[in-house]
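Q: One structure coming up, written as structure tokens, with questions to follow.
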Amino acid sequence: MSARTDSAPTVALRSASAWSTVSAADTERFIRLACAEIPTLSVEVMQQIHAQFPQIVEIYDDDGVSGVLTRIRQALGPFVESVRAAGGPQISGDGGVRFREVAASLDRRETMPGRALDFMRAVYRFGARVSWRRLTEIADGVGIPPTAMYELAEAGFDYIEALVVEAARGQLGNDSLAAGERLRRQRRLVELLLAHQPAAPETTAQYAANIGWRIPSTVAVAVLNRNEKAILPPALGSGILLDWESEQPRLVIPDPAPAGRADALRQALPGWTGALGPTVPLAHAARSLHWAQTAVGLITAGALPSCGLLDCTENTTALLLLPPAELIDDLAAGCLAPLAACTPGHGERLADTLLAWLQTRGGAAEVAARIGVHPQTVRYRMRQLRELWGDALDDHDQRFALELVLRARKLRSAALA
């Protein structure tokens, strides 16, 4: 592939950003350390790209240097140095970086048919994630505030898109370029909808009109765990917005039908895990995002099953009881203190009996049927429970706290089983 030297959009700086609060000395130290890391980091990125995308055809220059390695270095250098002035980087049109030379060395005739732009974007995005881990480590050591790094990450998405579009311009069809631009605009609209402070209706309407999205009255938000094997965006139903660039891809589903919505999404997302938040009015989309993110966090922690797309509305009890783990543990330490003197096995049997009694408030026969023991065993255990808790079992607040703690423990045990 011959190099093109046309000027194209480059990384520029904006005012009123988190980087304006970073001292010049810290900024220079970050740039110096990051630039010194580029040779080693570029090799690591190249190796991981080849491992992740074996279909890439490597091209070497006359000196035997990898074309992919050269282009990674060319991409990292300007991006790191873009923070030198006061302000965070973004894409502008003043030229200066030869983006077409930064395009990865791919044999497009054989390895990038059909969805070439998507493939190229996937390669760049994967390389950016590998690079970003090291850049954040350097930033932590220097003391760069997280808000500034979040801003740099945001600029990174724009930078990747500029690299892809410039590399593809004149070589890929207008349809591919239009698809890439639509994904970018979708991401902007998703960010607007999921902000904690809703945008003005006219602003939302303008962004929606840019991509021909019909504004719904209700939405549900899904959050996915990144599937490293999925290098292309999933094919979703009409009207579903996708933020593919986030570390955890986010979807906004308009006017979701209560019946079958999760099943339809699962069919469109084979091999993915994540959570679908509840249906909410459009202005409260951030609430649906909150519960979806909460569920994904519990899935990652092993507290909820990792099996496809989990529907939050089918797991409301777990979502209410499991997230405040520290609070539940503190409450359990006091409520279940009487069991401390029992052996672990005996304590668990008493706890199971107590929960069954609290849930049913029935007689020995009903409790026995619930936990699968003889009624006489229940009577024996209930006498022990009375000896341990005394009159507390007759107090409404104490019974509520006990049932809350025991239900949470049971949910955790079931998830870990």
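Numbering starts fresh at 1 for the residues of each chain in the structure tokens, the chains themselves are lettered A, B, ... in the order given, and ligands are numbered from 1 as they appear.
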Fewer than 4 positions away in the same chain doesn't count, so skip those; otherwise give me all residues within 10 Å of Pro270 of chain A, counting only C-alpha atoms, as a list in words.
A: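 Residues meeting the cut-off are Ala230, Pro234, Leu265, Arg266, Gly308 and Leu309 of chain A.
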Q: Mind checking DSSP for segment 234-320 of chain A and telling me the helix (DSSP H, G or I) residues as JSON, numbers by chain?
A: {"A": [261, 262, 263, 264, 265, 266, 267, 268, 282, 283, 284, 285, 286, 287, 288, 289, 290, 291, 292, 293, 294, 295, 296, 297, 298, 299, 300, 312, 313, 314, 316, 317, 318, 319, 320]}
Q: How about saving the chosen residues, N, CA, C and O atoms kept, as a compact mmCIF listing (two decimals), in the first residue's frame?
A:
# COMPACT_ATOMS: atom_id res chain seq x y z
N ARG A 261 -39.09 -9.01 24.83
CA ARG A 261 -38.05 -8.06 24.46
C ARG A 261 -36.66 -8.64 24.74
O ARG A 261 -35.74 -8.49 23.93
N ALA A 262 -36.50 -9.28 25.91
CA ALA A 262 -35.19 -9.83 26.26
C ALA A 262 -34.83 -10.98 25.33
O ALA A 262 -33.68 -11.11 24.90
N ASP A 263 -35.81 -11.82 24.99
CA ASP A 263 -35.53 -12.96 24.10
C ASP A 263 -35.09 -12.48 22.73
O ASP A 263 -34.17 -13.06 22.13
N ALA A 264 -35.73 -11.43 22.21
CA ALA A 264 -35.35 -10.92 20.89
C ALA A 264 -33.93 -10.38 20.90
O ALA A 264 -33.16 -10.59 19.96
N LEU A 265 -33.56 -9.69 21.97
CA LEU A 265 -32.20 -9.16 22.06
C LEU A 265 -31.18 -10.28 22.22
O LEU A 265 -30.09 -10.23 21.65
N ARG A 266 -31.53 -11.30 23.01
CA ARG A 266 -30.60 -12.43 23.18
C ARG A 266 -30.31 -13.10 21.84
O ARG A 266 -29.18 -13.50 21.57
N GLN A 267 -31.32 -13.23 21.01
CA GLN A 267 -31.11 -13.85 19.70
C GLN A 267 -30.19 -13.00 18.83
O GLN A 267 -29.44 -13.53 18.00
N ALA A 268 -30.23 -11.67 19.02
CA ALA A 268 -29.37 -10.78 18.23
C ALA A 268 -27.97 -10.67 18.83
O ALA A 268 -27.08 -10.10 18.18
N LEU A 282 -38.62 8.17 28.53
CA LEU A 282 -37.38 8.57 27.85
C LEU A 282 -36.53 9.50 28.71
O LEU A 282 -35.31 9.37 28.76
N ALA A 283 -37.16 10.43 29.41
CA ALA A 283 -36.41 11.40 30.21
C ALA A 283 -35.68 10.75 31.38
O ALA A 283 -34.80 11.36 31.98
N HIS A 284 -36.06 9.52 31.73
CA HIS A 284 -35.44 8.82 32.86
C HIS A 284 -34.59 7.64 32.40
O HIS A 284 -34.41 6.67 33.13
N ALA A 285 -34.04 7.74 31.19
CA ALA A 285 -33.24 6.64 30.65
C ALA A 285 -32.05 6.32 31.54
O ALA A 285 -31.62 5.16 31.62
N ALA A 286 -31.51 7.32 32.25
CA ALA A 286 -30.37 7.08 33.13
C ALA A 286 -30.71 6.10 34.24
O ALA A 286 -29.84 5.39 34.74
N ARG A 287 -31.98 6.05 34.65
CA ARG A 287 -32.39 5.09 35.69
C ARG A 287 -32.28 3.66 35.17
O ARG A 287 -31.81 2.77 35.89
N SER A 288 -32.74 3.45 33.95
CA SER A 288 -32.63 2.10 33.36
C SER A 288 -31.17 1.72 33.22
O SER A 288 -30.77 0.57 33.49
N LEU A 289 -30.31 2.69 32.82
CA LEU A 289 -28.88 2.44 32.73
C LEU A 289 -28.30 2.06 34.09
O LEU A 289 -27.49 1.13 34.19
N HIS A 290 -28.73 2.75 35.15
CA HIS A 290 -28.22 2.47 36.50
C HIS A 290 -28.47 1.01 36.89
O HIS A 290 -27.55 0.33 37.37
N TRP A 291 -29.68 0.53 36.67
CA TRP A 291 -30.00 -0.84 37.09
C TRP A 291 -29.30 -1.86 36.19
O TRP A 291 -28.88 -2.92 36.66
N ALA A 292 -29.17 -1.54 34.90
CA ALA A 292 -28.44 -2.45 34.01
C ALA A 292 -26.97 -2.53 34.43
O ALA A 292 -26.38 -3.62 34.47
N GLN A 293 -26.36 -1.40 34.75
CA GLN A 293 -24.97 -1.40 35.19
C GLN A 293 -24.82 -2.12 36.53
O GLN A 293 -23.83 -2.83 36.75
N THR A 294 -25.79 -1.93 37.42
CA THR A 294 -25.76 -2.63 38.71
C THR A 294 -25.79 -4.14 38.50
O THR A 294 -25.03 -4.89 39.12
N ALA A 295 -26.66 -4.57 37.60
CA ALA A 295 -26.78 -6.01 37.33
C ALA A 295 -25.50 -6.56 36.71
O ALA A 295 -25.03 -7.64 37.08
N VAL A 296 -24.90 -5.80 35.77
CA VAL A 296 -23.65 -6.25 35.15
C VAL A 296 -22.55 -6.36 36.20
O VAL A 296 -21.73 -7.29 36.18
N GLY A 297 -22.51 -5.41 37.13
CA GLY A 297 -21.53 -5.48 38.21
C GLY A 297 -21.70 -6.72 39.05
O GLY A 297 -20.72 -7.38 39.45
N LEU A 298 -22.95 -7.09 39.33
CA LEU A 298 -23.23 -8.30 40.12
C LEU A 298 -22.89 -9.56 39.32
O LEU A 298 -22.44 -10.56 39.88
N ILE A 299 -23.10 -9.51 38.01
CA ILE A 299 -22.72 -10.65 37.16
C ILE A 299 -21.21 -10.83 37.19
O ILE A 299 -20.70 -11.95 37.36
N THR A 300 -20.48 -9.73 37.06
CA THR A 300 -19.02 -9.78 37.08
C THR A 300 -18.51 -10.31 38.41
O THR A 300 -17.52 -11.06 38.47
N CYS A 312 -33.45 -7.29 34.09
CA CYS A 312 -33.52 -6.76 35.46
C CYS A 312 -34.90 -6.93 36.07
O CYS A 312 -35.01 -7.14 37.28
N THR A 313 -35.95 -6.84 35.26
CA THR A 313 -37.30 -6.94 35.80
C THR A 313 -37.60 -8.34 36.33
O THR A 313 -38.54 -8.52 37.09
N GLU A 314 -36.80 -9.32 35.93
CA GLU A 314 -36.99 -10.68 36.43
C GLU A 314 -36.08 -10.98 37.61
O GLU A 314 -36.08 -12.10 38.14
N THR A 316 -35.58 -8.45 40.33
CA THR A 316 -35.69 -7.26 41.17
C THR A 316 -35.29 -7.52 42.61
O THR A 316 -34.65 -6.69 43.25
N THR A 317 -35.65 -8.68 43.15
CA THR A 317 -35.30 -8.98 44.54
C THR A 317 -33.79 -9.00 44.72
O THR A 317 -33.25 -8.41 45.66
N ALA A 318 -33.09 -9.66 43.80
CA ALA A 318 -31.63 -9.72 43.89
C ALA A 318 -31.01 -8.34 43.74
O ALA A 318 -30.06 -7.99 44.45
N LEU A 319 -31.56 -7.52 42.83
CA LEU A 319 -31.01 -6.19 42.63
C LEU A 319 -31.23 -5.29 43.83
O LEU A 319 -30.43 -4.37 44.09
N LEU A 320 -32.28 -5.53 44.58
CA LEU A 320 -32.54 -4.73 45.77
C LEU A 320 -31.70 -5.18 46.95
O LEU A 320 -31.25 -4.37 47.77
Q: When you look at Leu354 of chain A with a cut-off of 12 Å (counting only C-alpha atoms), what residues show up, excluding the ones that are within fewer than 2 positions of it in the same chain? I need them as a VMD selection string.
A: chain A and resid 336 339 347 to 352 356 to 362 364 367 to 368 370 to 371 378 to 386 388 to 389 393 399 to 400 402 to 407
Q: Suppose we keep N, CA and C atoms; can you now write the selection as a compact mmCIF listing (two decimals), in the first residue's frame?
A:
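Everything below was put into result22.txt:
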# COMPACT_ATOMS: atom_id res chain seq x y z
N LEU A 336 -27.75 -11.82 63.26
CA LEU A 336 -27.47 -13.25 63.36
C LEU A 336 -26.43 -13.58 64.42
N LEU A 339 -26.38 -16.90 66.40
CA LEU A 339 -25.93 -18.14 65.78
C LEU A 339 -24.42 -18.35 65.91
N GLY A 347 -25.75 -24.04 62.56
CA GLY A 347 -26.20 -22.68 62.38
C GLY A 347 -26.94 -22.49 61.06
N GLU A 348 -26.45 -23.12 59.99
CA GLU A 348 -27.12 -23.02 58.70
C GLU A 348 -28.49 -23.67 58.73
N ARG A 349 -28.60 -24.80 59.42
CA ARG A 349 -29.91 -25.48 59.50
C ARG A 349 -30.91 -24.63 60.28
N LEU A 350 -30.45 -24.02 61.36
CA LEU A 350 -31.34 -23.14 62.12
C LEU A 350 -31.74 -21.93 61.28
N ALA A 351 -30.78 -21.38 60.51
CA ALA A 351 -31.08 -20.21 59.68
C ALA A 351 -32.11 -20.57 58.61
N ASP A 352 -31.98 -21.75 58.00
CA ASP A 352 -32.95 -22.18 56.99
C ASP A 352 -34.34 -22.31 57.60
N ALA A 356 -37.69 -19.99 56.66
CA ALA A 356 -38.94 -20.62 56.24
C ALA A 356 -40.09 -20.20 57.15
N TRP A 357 -39.81 -20.10 58.45
CA TRP A 357 -40.87 -19.67 59.39
C TRP A 357 -41.24 -18.20 59.15
N LEU A 358 -40.25 -17.36 58.91
CA LEU A 358 -40.52 -15.94 58.67
C LEU A 358 -41.29 -15.75 57.37
N GLN A 359 -41.02 -16.57 56.37
CA GLN A 359 -41.68 -16.43 55.09
C GLN A 359 -43.12 -16.94 55.13
N THR A 360 -43.37 -17.96 55.92
CA THR A 360 -44.70 -18.58 55.92
C THR A 360 -45.53 -18.18 57.14
N ARG A 361 -44.83 -17.97 58.28
CA ARG A 361 -45.49 -17.77 59.58
C ARG A 361 -46.53 -18.88 59.83
N GLY A 362 -46.24 -20.05 59.27
CA GLY A 362 -47.15 -21.16 59.42
C GLY A 362 -46.73 -22.08 60.55
N ALA A 364 -45.67 -26.02 62.17
CA ALA A 364 -44.53 -26.91 61.95
C ALA A 364 -44.67 -27.69 60.65
N VAL A 367 -43.84 -25.36 57.59
CA VAL A 367 -42.41 -25.05 57.54
C VAL A 367 -41.62 -26.30 57.14
N ALA A 368 -42.02 -27.45 57.68
CA ALA A 368 -41.34 -28.71 57.37
C ALA A 368 -41.43 -29.04 55.89
N ARG A 370 -41.72 -26.95 53.52
CA ARG A 370 -40.95 -25.97 52.75
C ARG A 370 -39.47 -26.32 52.70
N ILE A 371 -38.92 -26.84 53.80
CA ILE A 371 -37.48 -27.13 53.84
C ILE A 371 -37.17 -28.62 53.77
N VAL A 378 -38.76 -29.52 62.97
CA VAL A 378 -39.05 -28.09 62.97
C VAL A 378 -39.38 -27.62 64.38
N ARG A 379 -40.18 -28.39 65.10
CA ARG A 379 -40.55 -27.99 66.48
C ARG A 379 -39.30 -27.92 67.35
N TYR A 380 -38.41 -28.87 67.19
CA TYR A 380 -37.18 -28.88 67.98
C TYR A 380 -36.33 -27.64 67.66
N ARG A 381 -36.20 -27.36 66.37
CA ARG A 381 -35.39 -26.19 65.98
C ARG A 381 -36.04 -24.89 66.42
N MET A 382 -37.35 -24.80 66.35
CA MET A 382 -38.02 -23.57 66.75
C MET A 382 -37.82 -23.31 68.24
N ARG A 383 -37.79 -24.36 69.04
CA ARG A 383 -37.51 -24.15 70.47
C ARG A 383 -36.10 -23.58 70.65
N GLN A 384 -35.16 -24.10 69.88
CA GLN A 384 -33.79 -23.56 69.96
C GLN A 384 -33.74 -22.10 69.51
N LEU A 385 -34.47 -21.79 68.45
CA LEU A 385 -34.49 -20.41 67.97
C LEU A 385 -35.10 -19.48 69.01
N ARG A 386 -36.11 -19.94 69.70
CA ARG A 386 -36.72 -19.12 70.76
C ARG A 386 -35.73 -18.89 71.89
N LEU A 388 -32.52 -18.77 71.55
CA LEU A 388 -31.46 -17.88 71.07
C LEU A 388 -31.93 -16.44 70.93
N TRP A 389 -33.11 -16.21 70.40
CA TRP A 389 -33.59 -14.85 70.13
C TRP A 389 -34.60 -14.33 71.15
N LEU A 393 -38.18 -12.44 68.36
CA LEU A 393 -38.94 -13.07 67.28
C LEU A 393 -40.38 -12.59 67.24
N ARG A 399 -38.16 -9.07 63.08
CA ARG A 399 -38.48 -10.11 62.11
C ARG A 399 -38.18 -9.64 60.68
N PHE A 400 -38.50 -8.36 60.41
CA PHE A 400 -38.23 -7.82 59.07
C PHE A 400 -36.73 -7.84 58.77
N LEU A 402 -34.41 -9.69 60.16
CA LEU A 402 -33.95 -11.06 60.04
C LEU A 402 -34.27 -11.65 58.66
N GLU A 403 -35.49 -11.41 58.20
CA GLU A 403 -35.88 -11.96 56.90
C GLU A 403 -35.06 -11.31 55.78
N LEU A 404 -34.81 -10.01 55.89
CA LEU A 404 -34.01 -9.31 54.89
C LEU A 404 -32.61 -9.91 54.79
N VAL A 405 -31.98 -10.11 55.94
CA VAL A 405 -30.62 -10.65 55.98
C VAL A 405 -30.59 -12.08 55.47
N LEU A 406 -31.53 -12.88 55.90
CA LEU A 406 -31.52 -14.29 55.51
C LEU A 406 -31.83 -14.46 54.02
N ARG A 407 -32.71 -13.63 53.48
CA ARG A 407 -32.99 -13.69 52.05
C ARG A 407 -31.74 -13.31 51.23
Q: Write out as a ChimeraX atom specification all residues of segment 144-347 of chain A that DSSP puts in strand (DSSP E or B) for this structure's backbone.
A: /A:218-224,241-243,250-254,274-276,280-281,309-311
Q: Considering only C-alpha atoms, can you say which of A:Tyr150, A:Trp244, A:Trp213, A:Tyr159 comes closest to Tyr124 of chain A?
A: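 Using only C-alpha atoms, Tyr124 of chain A sits closest to A:Tyr159.
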Q: I'd like a table as JSON lines: residues in segment 112-150 of chain A with an atom no more than 9 Å from segment 18-24 of chain A, each row giving the shortest atom pair and its distance in Å to one decimal, only C-alpha atoms counted, sorted by chain and rising residue number.
A:
{"residue": "A:Ile144", "atom": "CA", "partner": "A:Val22", "partner_atom": "CA", "distance": 6.9}
{"residue": "A:Pro145", "atom": "CA", "partner": "A:Val22", "partner_atom": "CA", "distance": 7.9}
{"residue": "A:Thr147", "atom": "CA", "partner": "A:Ala18", "partner_atom": "CA", "distance": 6.1}
{"residue": "A:Ala148", "atom": "CA", "partner": "A:Ala18", "partner_atom": "CA", "distance": 4.8}
{"residue": "A:Met149", "atom": "CA", "partner": "A:Ala18", "partner_atom": "CA", "distance": 8.5}
Q: Which value, in Å to one decimal, gives the distance between atom CA of Leu193 of chain A and atom CA of Ile160 of chain A?
A: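 That distance, rounded to one decimal, is 23.1 Å.
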Q: Nearest residue to Ile56 of chain A out of A:Pro39, A:Leu322, A:Val123, A:Leu33, using only C-alpha atoms?
A: A:Val123
Q: Report, in Å to a single decimal, how far apart atom CA of Thr70 of chain A and atom CA of Asp140 of chain A are.
A: 27.3 Å
Q: Can you work out which one of A:Tyr207, A:Asp329, A:Cys335, A:Asn225 has the shortest atom-to-atom distance to Asp397 of chain A, counting only C-alpha atoms?
A: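 Ranking A:Tyr207, A:Asp329, A:Cys335, A:Asn225 by distance to Asp397 of chain A, first place goes to A:Cys335.
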